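All remarks here apply to the structure that follows.
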Amino acid sequence: MSPNITTIVVASVLVATGTYLFLSRSLVRALMGFLLLGNGANLLYIVASGPAGAPPLVGKTEGPMADPVPQALVLTAIVITLGMTAFVLALAHRARQLSGVDLVTDDTESARIHARAEADDTGSPSARAVSDQIAAEGERTESRYHDGDTGRPARGEDGENR
Amino acid sequence: MTVAILLLMHVGAAVLAPTLVRVLGSRAFAVLALVPAGTAAWAVTQLAAAGTQDPYSERMSWVDDLGMDLVFRLDTLAWVMTLIVSGVGALVLVYCAHYVDAEGEDNVGLLAACLVAFAVAMLGLVTADDLLLLYVFWEITTVLSYLLIGYLSTSQASTRAAKQALIVTTAGGLAMLVGIVLVGHASGTYRISELVAHPVTSPTVTVGIVLLLVGAVSKSALIPFHFWLPGAMVAPTPISAYLHAAAMVKAGVYLVARLAPGYGDLPAWQVVVLVLGGSTMLLGAFRATRQNDLKLLLAYGTVSQLGFLILLLGYGSTGATLAGLTLVVAHALFKSSLFLAVGTIDHSTGTRDIRRLVGVRQHMPVLAFFATLAAMSMAGLPVLLGFVGKEAAVASVIHPADGWWSLQGAAAVAVVLGSVLTMAYSTRFVWGAFTDGARPPMGKPTPPRWHPPTWVLVGVPSLLSLGGLVLGVTSTSLEKVLEPHTTTVTHVAESHEVHLGLWHGVGAPLLVSVGIWSLGLAWWWAQARRPVEVPVPLVPFDAGRSYHHLMRGVDRVALETTGFMQRGSLPVLLGIIFTVVVVLPGVTMVVRGISWPNDVRWADSPAQVLTGALVVLGAFLATRARRRLRAVFLVSVTGYGTAMLFLLHGAPDLALTQLLVETVTLVVLVLVLRRLSGRFPDDPTRLTRRVRALLGIAVGTTVGVLALVAAGSRVHERAGIGLGQRAYDYGGGANVVNVILVDVRAWDTMGELSVVLATATGVASLIFLRDDNLQRAAQGLLRARSRWAGARVEPDAEPVTPSGTSWIAGTDVLDPDRRSTILEIVTHLVFHTIMLWSVYLLFSGHNDPGGGFAAGIVAGLALCLRYLAGYGAELRAALPVRPASLLGTGLFIAAGSAGLPMLVGSPPLRSWVADVHVPLLGDVHVVTSLLFDLGVYLVVIGLMLDILRSFGSGIDDQIRTEREQAAEREEVDA
């Protein structure tokens with residue numbers, strides 16, 4: 001199959017400019033990048049579907065028909081993009097409500113994880129502590145499962161005398 | 001069907017259990033015990049059939065494509081295991097009725113449900129005749145064991161212990177699944193009875209069998225996985241008695257016994273079974289001689305016994321199998337009896353520590369007697385079943401076929417040494433529990449709190465212990481029952497026949513046994529006759545600790561990877577992803593060499609080049625835009641240009657939809673942008689912009705080259721060839737794209753409808769945020785609806801002038817400055833026309849460009865116009881329904897049209913074509929998939945309405961509220 005250079009160039013430019021904008025901190029600008037990227041990706045389907053042709057309407061057009069399968073794939077993508085756009089805009093609006101601007105700030109949680117990785121702090125006790133803890137737990141009395149008529153036993157007492 | 005019915009009864013009981021516990025309290029356990037008891041009773045009736053060549057079996061088809069059937073088979077081995085899991089299960093449930101206090105704990109219902117569910121999983125596991133089915137039950141037991149160990153306690157340690165048991169046994173289970181697939185695939189069947197009867201030998205099967213053994217070894221807590229079993233002792237004692245002595249850990253033993261007739265002669269099998277079994281028997285027994293806690297003593301004893309059982313059952317001779325199976329029964333009886341006895345001691349005194357237990361024998365003579373009896377069975381003393389089994393075991397291993405310098409010789413030594421240690425820890429158990437000798441020499445321990453046990457708490461362990469005595473005396477009949485299975489294992493020739501019985505004359509086995517008893521007593525006297533203050537490690541290497549080191553290592557790797565990859569900055573994270581997009585295909589293309597296409601087309605038409613240039617220009621200028629609106633319009637240019645390119649390519653449906661979506665996007669963007677600053681808030685430095693531009697160019701180039709190479713290297717014909725005629729013949733539509741969407745690919749479309757529904761809901765919740773905001777919107781809707789119906793609004797509502805001639809609803813509340821009479825009039829003139837066009841698009845979409853998606857957006861645009869003319873009130877007047885109703889109805893119709901053909905026995909989504917004559921309209925071509933498209937139409941309108949309601953009137957309301965608040969503040973300030 002011989003590819004169509006014009007469509008490829010247009011798609012590549014859309015992807016390149018989309019990537020550039022997508023890397024922005026402004027949510028709306030990133031959304032612009034996303035829309036460009038989406039259009040570029042949809043055009044790639046056109047590249048893949050081969051040469052241009054008549055609309056895929058049986059018996060209504062003449063000449064070789066354009067491949068209908070990629071078209072069906074793109075059609076739903078377009079509608080999903082609309083939903084996605086609306087959702088990102090709602091996020092941007094919410095960001096403005098909370099912080100006054102639609103900027104994506106750095107995630108503090110990630111920063112915390114990063115700091116913990118720097119400090120080699122997995123946040124869990126040592127292997128020895130855990131295995132000792134489990135061993136100790138196995139020796140605990142079970143009177144709590146069967147509180148009799150004498151009332152609840154003094155749990156602390158059992159703990160001390162283990 | 002009997003097994004299936006029994007399984008279903010168990011499941012029903014498990015479901016009812018929480019309710020029963022709420023109503024009856026702990027007595028519910030006794031009621032639930034009826035189900036496993038019934039199973040055991042049924043199993044007893046199958047005794048004769050189980051031993052024959054043709055035992056009870058049943059089969060129901062399940063997943064035909066995978067060859068998976070529900071196959072159950074009750075042969076001798078399954079029969080023995082069924083009796084154990086059901087009989088012990090019923091007794092444990094009865095015991096629980098008196099052990100657990102339903103008042104004090106909230107999750108006793110869960111405990112009851114899990115216990116019964118566990119019984120069903122075990123029953124299924126031991127009767128399943130299909131490896132995949134067995135695996136399903138196997139994993140169910142793992143999950144239930146996790147719930148039972150962990151859920152009953154809120155302490156961190158028990159959660160950790162449960163997780164440890166879960167991870168170890170699941171890891172083994174996964175290895176086992178791989179093994180099952182390997183064995184089943186290589187042998188051509190997953191049916192266990194066929195696999196064992198006609199074993200295939202190939203390297204693949206050997207690997208598969210070893211993986212299956214890994215599963216068995218992890219489940220039965222053999223070295224190196226033995227540590228999870230003592231950890232699991234944080235579960236209440238009856239659970240330990242059932243899961244970790246009688247039932248679940250026996251699953252691994254059962255699997256070894258099940259596969260031994262077929263694969264017991266594989267060298268790899270012999271190594272795994274004998275080495276791991278023997279060493280586990282020794283290690284567990286040694287650890288058991290050094291425990292102060294009675295339950296942990298039994299736990300380590302169980303580890304030891306499991307090693308012993310696997311060694312015997314995997315040994316490969318008829319005699320060893322007979323001994324192993326006898327000991328499986330004996331172990332189930334004495335170990336559960338002992339566990340339950342320890343539970344009773346704990347219940348009555350509040351402690352299980354041998355240093356604190358004083359006077360137990362005097363207080364509970366009956367329990368002391370029967371527990372001692374069970375401990376004697378454990379030690380292998382006559383005339384109990386444990387003695388019979390151990391005699392047979394010794395007899396079967398002390399004549400190793402390959403001489404003493406062989407694996408079997410080593411196994412014999414391990415069996416004898418392990419039995420000596422077993423004698424020692426059994427003695428330690430009786431001495432520690434029922435005599436006062438274990439008190440520390442110095443100081444006076446706190447006397448235990450005395451709380452007399454009920455008769456059940458003594459009776460159940462006594463009954464189980466008594467079972468060992470009865471079966472010991474009648475062991476010759478037991479041999480006849482077990483024989484049909486044991487004689488199938490004949491891999492290792494025997495020089496001496498082995499039989500069950502109390503007296504075989506004075507021979508080597510008896511002499512060895514006497515030696516074991518005396519040495520065991522001596523060991524106890526010298527080593528195990530004192531409480532151990534600090535356990536001395538046997539080797540510096542500790543399996544449990546290594547496991548936790550491993551887990552910490554995993555945590556650490558996860559942390560370091562996350563810390564490295566996720567710096568918290570979205571641009572950086574996206575940059576990493578884009579870099580991968582460039583690097584991976586780029587490196588591949590460079591290394592492998594690029595195969596450029598032989599010929600290319602520069603363009604399909606001059607118009608394409610022109611439109612393409614416009615799109616490129618728009619995209620480039622959009623990157624330079626500093627003002628939001630400018631960027632939005634430039635991006636729209638590329639969108640409209642893309643629509644044009646679609647049209648030029650021969651895709652009118654795409655062009656139409658893209659055109660409409662682009663318009664909607666523009667409107668929505670403007671609606672939101674009125675709340676945002678005019679310029680983009682970020683102002684990246686020149687360096688940042690250059691880095692981004694570089695990455696963008698790299699990604700664009702990679703994508704372009706990839707597209708060129710991929711499209712150029714295509715040799716096959718297009719997928720859509722010939723689809724046209726078929727779409728017309730079968731789908732009943734001339735528009736192939738639409739037929740694909742609503743017929744061929746309708747399931748996908750349905751999935752995308754759900755995505756649309758989710759985003760619409762997400763948008764609404766992000767804008768309205770709180771329920772009361774939504775309530776207000778709903779009230780506005782009700783008012784609009786009552787106005788539609790012509791009814792008067794309730795008197796206390798906001799004053800509305802009843803303007804029947806008004807063009808636009810709610811004009812009186814509108815700011816006169818914001819009104820545009822021309823727009824109002826035009827809207828009213830064209831609204832219905834647009835709506836009609838949208839309906840036309842919906843109906844004609846099957847044959848001409850259009851369809852549900854495009855039609856829905858057109859309707860949305862009409863609504864958009866109404867909103868722009870008169871804002872929220874007008875929008876509500878135009879379509880007084882909730883977006884959620886539209887979305888829900890649409891998805892319901894789409895899904896319903898998919899399911900409807902099933903009612904008449906056709907596959908889902910099948911469509912029919914009919915030509916109907918309608919007066920005035922003429923002949924109408926009706927296709928049932930139109931119904932599906934109607935669903936699509938409604939969902940898209942719902943999305944549009946939700947968008948307009950949220951970004952339009954929702955934000956309007958917010959602006960008004962903010963303005964009022966600001967005015968109030970000004971008043972206060974003034």
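Residue numbering restarts at 1 in every chain; chains get A, B, ... in the order shown in the structure tokens, and ligands count up from 1 in that same order.
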Check: Quick one: which residues from chain A are at most 6 Å off chain B, using only C-alpha atoms, as a count of residues only?
Finding: 51
Next item on the list: Name the residues of chain A that fall into strand (DSSP E or B) according to DSSP on the backbone, using the chain letters and numbers of this document, as a PyMOL selection string.
Entry: chain A and resi 4+26+54+57+65+103
Spatial neighbours of Thr141 of chain B, 12 Å, only C-alpha atoms, chain gap at least 2 places, as a PDB file with N, CA and C atoms, in the first residue's frame:
ATOM      1  N   CYS B 114     -17.878 -18.311  57.165  1.00  0.00           N
ATOM      2  CA  CYS B 114     -16.601 -18.754  56.603  1.00  0.00           C
ATOM      3  C   CYS B 114     -16.351 -20.226  56.914  1.00  0.00           C
ATOM      4  N   LEU B 115     -16.689 -20.640  58.117  1.00  0.00           N
ATOM      5  CA  LEU B 115     -16.449 -22.038  58.486  1.00  0.00           C
ATOM      6  C   LEU B 115     -17.251 -22.975  57.589  1.00  0.00           C
ATOM      7  N   VAL B 116     -18.531 -22.653  57.384  1.00  0.00           N
ATOM      8  CA  VAL B 116     -19.365 -23.514  56.544  1.00  0.00           C
ATOM      9  C   VAL B 116     -18.877 -23.462  55.100  1.00  0.00           C
ATOM     10  N   ALA B 117     -18.552 -22.241  54.649  1.00  0.00           N
ATOM     11  CA  ALA B 117     -18.042 -22.111  53.282  1.00  0.00           C
ATOM     12  C   ALA B 117     -16.753 -22.901  53.130  1.00  0.00           C
ATOM     13  N   PHE B 118     -15.982 -22.924  54.196  1.00  0.00           N
ATOM     14  CA  PHE B 118     -14.744 -23.678  54.148  1.00  0.00           C
ATOM     15  C   PHE B 118     -15.014 -25.169  53.972  1.00  0.00           C
ATOM     16  N   ALA B 119     -16.028 -25.633  54.691  1.00  0.00           N
ATOM     17  CA  ALA B 119     -16.382 -27.052  54.558  1.00  0.00           C
ATOM     18  C   ALA B 119     -16.774 -27.370  53.121  1.00  0.00           C
ATOM     19  N   VAL B 120     -17.493 -26.452  52.455  1.00  0.00           N
ATOM     20  CA  VAL B 120     -17.908 -26.721  51.076  1.00  0.00           C
ATOM     21  C   VAL B 120     -16.688 -26.723  50.156  1.00  0.00           C
ATOM     22  N   ALA B 121     -15.769 -25.770  50.403  1.00  0.00           N
ATOM     23  CA  ALA B 121     -14.588 -25.722  49.539  1.00  0.00           C
ATOM     24  C   ALA B 121     -13.776 -27.010  49.671  1.00  0.00           C
ATOM     25  N   MET B 122     -13.631 -27.491  50.904  1.00  0.00           N
ATOM     26  CA  MET B 122     -12.859 -28.726  51.106  1.00  0.00           C
ATOM     27  C   MET B 122     -13.568 -29.911  50.474  1.00  0.00           C
ATOM     28  N   LEU B 123     -14.892 -29.952  50.638  1.00  0.00           N
ATOM     29  CA  LEU B 123     -15.656 -31.062  50.050  1.00  0.00           C
ATOM     30  C   LEU B 123     -15.466 -31.076  48.532  1.00  0.00           C
ATOM     31  N   GLY B 124     -15.567 -29.881  47.933  1.00  0.00           N
ATOM     32  CA  GLY B 124     -15.366 -29.799  46.489  1.00  0.00           C
ATOM     33  C   GLY B 124     -13.964 -30.204  46.092  1.00  0.00           C
ATOM     34  N   LEU B 125     -13.001 -29.757  46.896  1.00  0.00           N
ATOM     35  CA  LEU B 125     -11.596 -30.033  46.577  1.00  0.00           C
ATOM     36  C   LEU B 125     -11.319 -31.533  46.555  1.00  0.00           C
ATOM     37  N   VAL B 126     -11.819 -32.247  47.546  1.00  0.00           N
ATOM     38  CA  VAL B 126     -11.449 -33.661  47.631  1.00  0.00           C
ATOM     39  C   VAL B 126     -12.287 -34.530  46.697  1.00  0.00           C
ATOM     40  N   LEU B 134     -10.408 -28.527  40.772  1.00  0.00           N
ATOM     41  CA  LEU B 134      -9.710 -28.665  42.052  1.00  0.00           C
ATOM     42  C   LEU B 134      -9.012 -27.358  42.393  1.00  0.00           C
ATOM     43  N   TYR B 135      -8.411 -26.749  41.373  1.00  0.00           N
ATOM     44  CA  TYR B 135      -7.697 -25.498  41.626  1.00  0.00           C
ATOM     45  C   TYR B 135      -8.653 -24.408  42.127  1.00  0.00           C
ATOM     46  N   VAL B 136      -9.844 -24.358  41.531  1.00  0.00           N
ATOM     47  CA  VAL B 136     -10.822 -23.350  41.953  1.00  0.00           C
ATOM     48  C   VAL B 136     -11.122 -23.509  43.444  1.00  0.00           C
ATOM     49  N   PHE B 137     -11.405 -24.745  43.856  1.00  0.00           N
ATOM     50  CA  PHE B 137     -11.700 -24.971  45.275  1.00  0.00           C
ATOM     51  C   PHE B 137     -10.471 -24.688  46.142  1.00  0.00           C
ATOM     52  N   TRP B 138      -9.328 -25.043  45.604  1.00  0.00           N
ATOM     53  CA  TRP B 138      -8.061 -24.835  46.322  1.00  0.00           C
ATOM     54  C   TRP B 138      -7.902 -23.365  46.688  1.00  0.00           C
ATOM     55  N   GLU B 139      -8.142 -22.494  45.696  1.00  0.00           N
ATOM     56  CA  GLU B 139      -7.971 -21.065  45.960  1.00  0.00           C
ATOM     57  C   GLU B 139      -9.067 -20.539  46.882  1.00  0.00           C
ATOM     58  N   VAL B 143      -8.483 -18.264  50.293  1.00  0.00           N
ATOM     59  CA  VAL B 143      -9.102 -16.978  50.625  1.00  0.00           C
ATOM     60  C   VAL B 143      -9.866 -17.084  51.952  1.00  0.00           C
ATOM     61  N   LEU B 144     -10.589 -18.185  52.129  1.00  0.00           N
ATOM     62  CA  LEU B 144     -11.348 -18.333  53.371  1.00  0.00           C
ATOM     63  C   LEU B 144     -10.415 -18.431  54.570  1.00  0.00           C
ATOM     64  N   SER B 145      -9.301 -19.111  54.370  1.00  0.00           N
ATOM     65  CA  SER B 145      -8.340 -19.210  55.469  1.00  0.00           C
ATOM     66  C   SER B 145      -7.840 -17.821  55.840  1.00  0.00           C
ATOM     67  N   TYR B 146      -7.610 -16.993  54.817  1.00  0.00           N
ATOM     68  CA  TYR B 146      -7.193 -15.613  55.090  1.00  0.00           C
ATOM     69  C   TYR B 146      -8.246 -14.891  55.925  1.00  0.00           C
ATOM     70  N   LEU B 147      -9.506 -15.035  55.505  1.00  0.00           N
ATOM     71  CA  LEU B 147     -10.581 -14.361  56.237  1.00  0.00           C
ATOM     72  C   LEU B 147     -10.644 -14.864  57.671  1.00  0.00           C
ATOM     73  N   LEU B 148     -10.496 -16.171  57.829  1.00  0.00           N
ATOM     74  CA  LEU B 148     -10.654 -16.745  59.161  1.00  0.00           C
ATOM     75  C   LEU B 148      -9.486 -16.381  60.065  1.00  0.00           C
ATOM     76  N   ILE B 149      -8.284 -16.316  59.508  1.00  0.00           N
ATOM     77  CA  ILE B 149      -7.143 -15.962  60.363  1.00  0.00           C
ATOM     78  C   ILE B 149      -7.204 -14.492  60.722  1.00  0.00           C
ATOM     79  N   ALA B 165       0.072 -15.931  55.494  1.00  0.00           N
ATOM     80  CA  ALA B 165      -0.481 -17.217  55.055  1.00  0.00           C
ATOM     81  C   ALA B 165      -1.053 -17.091  53.654  1.00  0.00           C
ATOM     82  N   LEU B 166      -1.726 -15.973  53.404  1.00  0.00           N
ATOM     83  CA  LEU B 166      -2.353 -15.790  52.085  1.00  0.00           C
ATOM     84  C   LEU B 166      -1.307 -15.727  50.982  1.00  0.00           C
ATOM     85  N   THR B 169       0.533 -19.200  50.471  1.00  0.00           N
ATOM     86  CA  THR B 169      -0.261 -20.257  49.840  1.00  0.00           C
ATOM     87  C   THR B 169      -0.731 -19.843  48.446  1.00  0.00           C
ATOM     88  N   THR B 170      -0.966 -18.538  48.232  1.00  0.00           N
ATOM     89  CA  THR B 170      -1.359 -18.113  46.885  1.00  0.00           C
ATOM     90  C   THR B 170      -0.199 -18.248  45.920  1.00  0.00           C
ATOM     91  N   GLY B 173      -0.118 -21.643  45.071  1.00  0.00           N
ATOM     92  CA  GLY B 173      -1.282 -21.945  44.231  1.00  0.00           C
ATOM     93  C   GLY B 173      -1.059 -21.520  42.794  1.00  0.00           C
ATOM     94  N   LYS B 219       0.902 -25.352  50.658  1.00  0.00           N
ATOM     95  CA  LYS B 219      -0.369 -25.480  51.378  1.00  0.00           C
ATOM     96  C   LYS B 219      -0.175 -26.285  52.651  1.00  0.00           C
ATOM     97  N   TYR B 242      -9.623 -27.046  62.841  1.00  0.00           N
ATOM     98  CA  TYR B 242     -10.234 -27.496  61.590  1.00  0.00           C
ATOM     99  C   TYR B 242      -9.329 -27.219  60.392  1.00  0.00           C
ATOM    100  N   LEU B 243      -8.946 -25.931  60.231  1.00  0.00           N
ATOM    101  CA  LEU B 243      -8.180 -25.572  59.041  1.00  0.00           C
ATOM    102  C   LEU B 243      -6.757 -26.077  59.116  1.00  0.00           C
ATOM    103  N   HIS B 244      -6.133 -25.860  60.259  1.00  0.00           N
ATOM    104  CA  HIS B 244      -4.690 -26.029  60.309  1.00  0.00           C
ATOM    105  C   HIS B 244      -4.297 -27.347  60.932  1.00  0.00           C
ATOM    106  N   ALA B 247      -8.243 -30.099  58.069  1.00  0.00           N
ATOM    107  CA  ALA B 247      -8.763 -29.924  56.716  1.00  0.00           C
ATOM    108  C   ALA B 247      -7.793 -29.262  55.754  1.00  0.00           C
ATOM    109  N   MET B 248      -7.606 -27.955  55.872  1.00  0.00           N
ATOM    110  CA  MET B 248      -6.950 -27.247  54.773  1.00  0.00           C
ATOM    111  C   MET B 248      -5.523 -27.727  54.519  1.00  0.00           C
ATOM    112  N   VAL B 249      -4.741 -27.857  55.587  1.00  0.00           N
ATOM    113  CA  VAL B 249      -3.359 -28.260  55.368  1.00  0.00           C
ATOM    114  C   VAL B 249      -3.297 -29.675  54.804  1.00  0.00           C
ATOM    115  N   LYS B 250      -4.404 -30.423  54.980  1.00  0.00           N
ATOM    116  CA  LYS B 250      -4.441 -31.764  54.396  1.00  0.00           C
ATOM    117  C   LYS B 250      -4.631 -31.705  52.888  1.00  0.00           C
ATOM    118  N   ALA B 251      -4.974 -30.528  52.368  1.00  0.00           N
ATOM    119  CA  ALA B 251      -5.177 -30.425  50.923  1.00  0.00           C
ATOM    120  C   ALA B 251      -3.898 -30.793  50.180  1.00  0.00           C
ATOM    121  N   GLY B 252      -2.773 -30.297  50.696  1.00  0.00           N
ATOM    122  CA  GLY B 252      -1.500 -30.634  50.058  1.00  0.00           C
ATOM    123  C   GLY B 252      -1.212 -32.122  50.155  1.00  0.00           C
TER     124      GLY B 252
END
Next item on the list: Using only C-alpha atoms, determine which residues lie at most 12 Å from Phe34 of chain A, disregarding the query and same-chain residues fewer than 2 positions distant; provide the list as number ranges by chain.
Entry: A: 14-24, 27-32, 36-41, 81-82, 84-85, 88; B: 574, 619, 635, 639
Show me, as a PDB file with N, CA and C atoms, in the first residue's frame, the residues that have an atom within 9 Å of Thr206 of chain B when counting only C-alpha atoms, minus same-chain residues fewer than 2 positions from it.
ATOM      1  N   VAL B 183       0.662 -29.888  32.791  1.00  0.00           N
ATOM      2  CA  VAL B 183       0.333 -31.317  32.815  1.00  0.00           C
ATOM      3  C   VAL B 183      -0.891 -31.587  31.948  1.00  0.00           C
ATOM      4  N   THR B 201       4.680 -39.382  30.317  1.00  0.00           N
ATOM      5  CA  THR B 201       5.970 -38.926  30.830  1.00  0.00           C
ATOM      6  C   THR B 201       6.668 -38.115  29.760  1.00  0.00           C
ATOM      7  N   SER B 202       6.952 -36.879  30.111  1.00  0.00           N
ATOM      8  CA  SER B 202       7.726 -36.004  29.228  1.00  0.00           C
ATOM      9  C   SER B 202       8.318 -34.938  30.132  1.00  0.00           C
ATOM     10  N   PRO B 203       9.362 -34.270  29.662  1.00  0.00           N
ATOM     11  CA  PRO B 203       9.950 -33.213  30.515  1.00  0.00           C
ATOM     12  C   PRO B 203       8.913 -32.179  30.936  1.00  0.00           C
ATOM     13  N   THR B 204       7.991 -31.837  30.029  1.00  0.00           N
ATOM     14  CA  THR B 204       6.959 -30.847  30.375  1.00  0.00           C
ATOM     15  C   THR B 204       6.132 -31.332  31.550  1.00  0.00           C
ATOM     16  N   GLY B 208       5.648 -29.742  35.220  1.00  0.00           N
ATOM     17  CA  GLY B 208       4.304 -29.474  35.720  1.00  0.00           C
ATOM     18  C   GLY B 208       4.051 -30.144  37.054  1.00  0.00           C
ATOM     19  N   ILE B 209       4.489 -31.396  37.186  1.00  0.00           N
ATOM     20  CA  ILE B 209       4.263 -32.122  38.436  1.00  0.00           C
ATOM     21  C   ILE B 209       5.035 -31.474  39.576  1.00  0.00           C
ATOM     22  N   VAL B 210       6.274 -31.024  39.289  1.00  0.00           N
ATOM     23  CA  VAL B 210       7.044 -30.364  40.349  1.00  0.00           C
ATOM     24  C   VAL B 210       6.333 -29.083  40.782  1.00  0.00           C
ATOM     25  N   LEU B 211       5.783 -28.346  39.806  1.00  0.00           N
ATOM     26  CA  LEU B 211       5.054 -27.125  40.160  1.00  0.00           C
ATOM     27  C   LEU B 211       3.809 -27.451  40.988  1.00  0.00           C
ATOM     28  N   TYR B 263       2.424 -40.560  39.316  1.00  0.00           N
ATOM     29  CA  TYR B 263       3.691 -39.885  39.092  1.00  0.00           C
ATOM     30  C   TYR B 263       4.710 -40.146  40.193  1.00  0.00           C
ATOM     31  N   LEU B 266       8.588 -40.597  39.390  1.00  0.00           N
ATOM     32  CA  LEU B 266       9.469 -39.598  38.788  1.00  0.00           C
ATOM     33  C   LEU B 266      10.594 -39.283  39.766  1.00  0.00           C
ATOM     34  N   ALA B 268      12.264 -36.567  40.139  1.00  0.00           N
ATOM     35  CA  ALA B 268      12.054 -35.248  40.745  1.00  0.00           C
ATOM     36  C   ALA B 268      11.033 -35.332  41.877  1.00  0.00           C
ATOM     37  N   TRP B 269       9.997 -36.109  41.654  1.00  0.00           N
ATOM     38  CA  TRP B 269       8.974 -36.323  42.685  1.00  0.00           C
ATOM     39  C   TRP B 269       9.611 -36.883  43.946  1.00  0.00           C
TER      40      TRP B 269
END
Check: For Val47 of chain A, which residue out of A:Ala129, A:Ala115, A:Ala11, A:Val74 is the nearest one, using only C-alpha atoms?
Finding: A:Ala11
Notebook entry, point to check: Which one is closest to Val101 of chain A: A:Arg25, A:Gly63, A:Gly50, A:Glu142? Count only C-alpha atoms.
Noted result: A:Arg25
Next item on the list: Excluding Asp956 of chain B and any residue of its chain fewer than 4 positions from it, enumerate the residues within 9 Å of it, using only C-alpha atoms, and give them as a list in words.
Entry: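 In the requested format, the answer is Tyr871, Gly872, Phe951, Gly952, Arg960 and Thr961 of chain B.
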Next item on the list: Might you pull out every residue within 9 Å of Val253 of chain B, with only C-alpha atoms counted and same-chain residues fewer than 3 positions away left off, and present them as a ChimeraX atom specification?
Entry: /B:216-217,219-220,249-250,256-258,306-307,309-310,313-314,328
I need the residues from that last selection saved to file as a PDB file, in the first residue's frame (with C-alpha atoms), if you can.
ATOM      1  CA  ALA B 216       1.038 -28.901  47.775  1.00  0.00           C
ATOM      2  CA  VAL B 217       4.157 -28.116  49.786  1.00  0.00           C
ATOM      3  CA  LYS B 219      -0.369 -25.480  51.378  1.00  0.00           C
ATOM      4  CA  SER B 220       0.820 -28.177  53.749  1.00  0.00           C
ATOM      5  CA  VAL B 249      -3.359 -28.260  55.368  1.00  0.00           C
ATOM      6  CA  LYS B 250      -4.441 -31.764  54.396  1.00  0.00           C
ATOM      7  CA  VAL B 256       0.298 -35.821  46.860  1.00  0.00           C
ATOM      8  CA  ALA B 257      -1.768 -38.906  47.654  1.00  0.00           C
ATOM      9  CA  ARG B 258      -3.942 -38.250  44.614  1.00  0.00           C
ATOM     10  CA  LEU B 306       2.451 -33.036  57.586  1.00  0.00           C
ATOM     11  CA  GLY B 307       6.018 -33.660  56.487  1.00  0.00           C
ATOM     12  CA  LEU B 309       2.400 -37.782  55.863  1.00  0.00           C
ATOM     13  CA  ILE B 310       3.682 -36.362  52.586  1.00  0.00           C
ATOM     14  CA  LEU B 313       2.103 -40.912  50.742  1.00  0.00           C
ATOM     15  CA  GLY B 314       4.652 -39.866  48.170  1.00  0.00           C
ATOM     16  CA  VAL B 328      -4.065 -39.146  57.797  1.00  0.00           C
TER      17      VAL B 328
END
